[in-house]
Amino acid sequence: MHRRTWIARAYDEHGAMLYRYALLIVADPAVAEDAVHEVFVKLLAGSSRRDDIQSSLAYLRRAVRNQCYSWLRTRQRDAPAAVPGAGSLLEPVRPAPQDDRLMLEEALRALPPEQREVVHLKVFEGLTFSQIADVTGVPLNTAASRYRYAIGKMGEQLGLVRETPGRTA
Amino acid sequence: MTQHNDRHVEQDVEARLARYRPSGPRPGLRDRIVPRARTRWGWAVAAMLALATVGLSWATHSVEQRSAALLGAGDAPEAPPIEAPLQGFREVPK
């Protein structure tokens, strides 16, 4: 099979998922698109073996992740005050009020990329903390605490955190 | 109490997130990544259809030619005239 054809198949199978993953890391649709594009263009031009790519979603996920963090490092160096691009991060899978989506997006954008990534992997991809630790290359406890911090911050942002007597005393 | 509240907040945030998923890519992204793959397949399909058409046309023509040759050579036996086995017309006696 022609290289371009099996790469097209790999895109059809994993492209949308990889884009969503990139989107939650960089919080910018245009940059997420560029990251996925860059990964596939490198695959087309490079010498990666077909088995590496087709048998392993992890291979593609790692490549997209590296691309995203590379972009984030460059942005931090060149334009630390840059405002993340516009464009929606979420789409409804069941009926939900529009305000709810905007508030959730705002809460997600307020998180650091590493925490958004863990939220994505846990909530939207359903990975366990052990799997998340593998993907992100951090210890399991770090993955779990990143998630808890992220959810806690989102809860505050969404006004869900109530002061308890224990906290106020 | 705080842990209980944290768990409650976690469940609430997770429930809200569960109504959504990250937005998908534009359809244009695939074309941007593999623009020529579709074109090459298009040519391959068109070439196969053209070959199939030429092949069928040749086969039909060949069968037509063979049928014409068989009929033209007189190989097919001629049917006998219908009066011969009846020995001609005879009047029925009254």
# chains A, B, ... in the order shown; residues from 1 in each chain; ligands from 1
>>> interface_residues(of="chain A", to="chain B", cutoff="9 Å", atoms="only C-alpha atoms", output="PyMOL selection string")
chain A and resi 4-5+7-8+11-12+15-17+19-21+23-24+29+32-33+36-38+40-41+88-96+100-101+104+120+123-124+148+151-152+154-156+158+160-167
>>> residues_around(residues="A:Leu111", least_positions_apart="3", cutoff="10 Å", atoms="only C-alpha atoms", output="list in words")
Ile25, Ala27, Glu106, Ala107, Leu108, Glu114, Gln115, Arg116, Glu117, Val119, Tyr149, Ala150, Ile151, Lys153 and Met154 of chain A
>>> write_last_selection(atoms="C-alpha atoms", output="mmCIF file, in the first residue's frame")
data_model
loop_
_atom_site.group_PDB
_atom_site.id
_atom_site.type_symbol
_atom_site.label_atom_id
_atom_site.label_comp_id
_atom_site.auth_asym_id
_atom_site.auth_seq_id
_atom_site.Cartn_x
_atom_site.Cartn_y
_atom_site.Cartn_z
ATOM 1 C CA ILE A 25 -3.484 21.371 25.367
ATOM 2 C CA ALA A 27 -6.574 25.960 23.729
ATOM 3 C CA GLU A 106 -13.451 29.971 30.300
ATOM 4 C CA ALA A 107 -12.632 27.722 33.247
ATOM 5 C CA LEU A 108 -10.629 25.396 30.981
ATOM 6 C CA GLU A 114 -0.605 20.374 31.727
ATOM 7 C CA GLN A 115 -3.797 20.424 33.794
ATOM 8 C CA ARG A 116 -6.054 20.856 30.753
ATOM 9 C CA GLU A 117 -4.291 17.880 29.202
ATOM 10 C CA VAL A 119 -8.636 16.777 32.288
ATOM 11 C CA TYR A 149 -6.114 20.744 41.181
ATOM 12 C CA ALA A 150 -7.659 21.320 37.771
ATOM 13 C CA ILE A 151 -11.114 20.194 38.812
ATOM 14 C CA LYS A 153 -9.945 25.370 40.109
ATOM 15 C CA MET A 154 -12.721 24.779 37.606
#
>>> select_by_dssp(residues="chain A", states="helix (DSSP H, G or I)", output="ChimeraX atom specification")
/A:3-26,29-45,50-54,57-78,98-109,113-124,129-136,140-157,165-168
>>> closest_residue(among="A:Ala45, A:Ala143, A:Val118, A:Ala63", to="A:Leu18", atoms="only C-alpha atoms")
A:Ala63
>>> atom_distance(atom1="atom CA of A:Thr74", atom2="atom CA of A:Val31")
12.3 Å
>>> atom_distance(atom1="atom CA of A:Pro113", atom2="atom CA of A:Cys68")
9.6 Å
>>> residues_around(residues="A:Gly137", least_positions_apart="5", cutoff="12 Å", atoms="only C-alpha atoms", output="number ranges by chain")
A: 62, 65-66, 114, 118, 129-132, 142-143
>>> write_last_selection(atoms="C-alpha atoms", output="tab-separated table (two decimals), in the first residue's frame")
chain	number	residue	atom	x	y	z
A	62	ARG	CA	3.23	11.47	21.64
A	65	ARG	CA	1.93	16.23	22.34
A	66	ASN	CA	5.57	17.08	21.59
A	114	GLU	CA	-0.60	20.37	31.73
A	118	VAL	CA	-4.98	15.68	32.23
A	129	PHE	CA	-4.39	7.82	36.10
A	130	SER	CA	-1.90	5.07	35.39
A	131	GLN	CA	-2.46	5.47	31.62
A	132	ILE	CA	-2.33	9.26	31.96
A	142	THR	CA	1.43	13.79	39.92
A	143	ALA	CA	-1.14	12.91	37.26
>>> atom_distance(atom1="atom CA of A:Val135", atom2="atom CA of A:Ala22")
13.3 Å
